[in-house]
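Below is one structure, written out as structure tokens, with a few remarks after it.
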Amino acid sequence: MFARKITLILSTLVVLFIFNASLIAQEKAFPKKGEGVTLFLKRHNRVGKEYHDEFIKLNKTRLGSGNSLRMGVKYHLPPLKGAAATATKKPNFEPLFGKELAQYQVTSSELKGCCFYLVSGHGGPDPGAIGKMGNVELHEDEYAYDVMLRLARNLMMKGAKVHIIIQDAKDGIRNDRFLNNTKRETCMGTPIPFNQVRRLEQRSEKINSLFKKDKELYKRAIFMHIDSRSKSHQTDVFFYYQDKNSESKHLAKTMKSTFEHKYNRHQPGRGFTGTVGQRGLYVLRKTTPPSVFVELGNIQNSFDQKRFILSDNRQALANWLCEGFVTDYKRYKKKLK
């Protein structure tokens, strides 16, 4: 009799285990407005080509044209695998940074209460400016994206909320000299349009939509690009601000002062020739939060190229931009008192 009870209990546990496993495998969710497949999966901690392909297979009959998501439709989620199965339980985890750097520690509260919107230039069908080093092409969007990811990680480590507007589900922070050129980038999961004006509209509208929802008092956007001029034209970093926006102008001047200080410290006697100016660029005119547009250098110039192809230099750019934000936020807090 006792043996029969034990057998019955074990059988019940096995059935429950199988039933629970089935529920996990058949997890479903509704998409949010504006989400594409990549962002939808990222929100549910499923990043990468394997999850993407499995999702398409699971939901082939539910998807719209071009594998687009349809509002009001509940989609099957691929089962989580390996370390990703516990990723949702991990604090301070951002898969976009890449496998090795996805986990980060908040080391200070310097930027607690701040919100940032980070946009690397171009992306998707538009590589931006293209330079050459030997036979290797250097694509603006890849190098700007890497610096932007490094900046995002720095800001998060100081307690800030960060929206990474342009995203590549596969390319995390990379230390290679020559970064592979792809067209995978999206605007937070939504395909980037081929039309230039529509591309700029898309990222501006995304920022403005998020801006309305975010409750932080200090909210700033940064657009990161690399210029293209004649090969002989060496340039330093340029900063552009929004017309008639004092906070944007303060931020651009603070960034420039930070870079001047860093150059004087690390390359005494060299001088810093970067400038601050107002430009009527589309994203500066159409974006709500105080914003700064940054040109990191001339992708055609062999001297400037070292600023991009060396990972330590890309990290230094991110560090200095982050320090500029910290300094500007301190000024902002004093103004509120």
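Letters A, B, ... go to the chains of the structure tokens in the order shown; residues in each chain start at 1; ligands are counted from 1 in the same order.
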Determine, counting only C-alpha atoms, which protein, DNA and RNA residues have an atom within 10 Å of an atom of region 40-54 of chain A; residues of the same chain fewer than 6 positions away are not included. Present the result as number ranges by chain. A: 29-32, 34, 60, 69, 75-81, 84-88, 93-96, 168-171, 188-190
Selection near Thr258 (chain A), 9 Å with only C-alpha atoms, sequence-local residues under 3 positions removed, as a list in words: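 Selected residues are Lys253, Thr254, Met255, His261, Lys262, Tyr263, Trp320, Leu321, Glu323, Gly324 and Thr327 of chain A.
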Using Å and a single decimal, report how far CA of His233 (chain A) sits from CA of Val276 (chain A). 18.2 Å
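Here the question is which of A:Thr61, A:Val73, A:Asn245, A:His266 gets nearest to Ala316 (chain A) using only C-alpha atoms, and that residue is A:His266.
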For Val294 (chain A), which of A:Lys333, A:His225, A:Lys213, A:Arg265 is the closest residue, counting only C-alpha atoms?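 Among the listed residues, A:His225 lies closest to Val294 (chain A).
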To one decimal place in Å, what is the distance between CA of Lys334 (chain A) and CA of Arg220 (chain A)?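 A separation of 17.0 Å between them.
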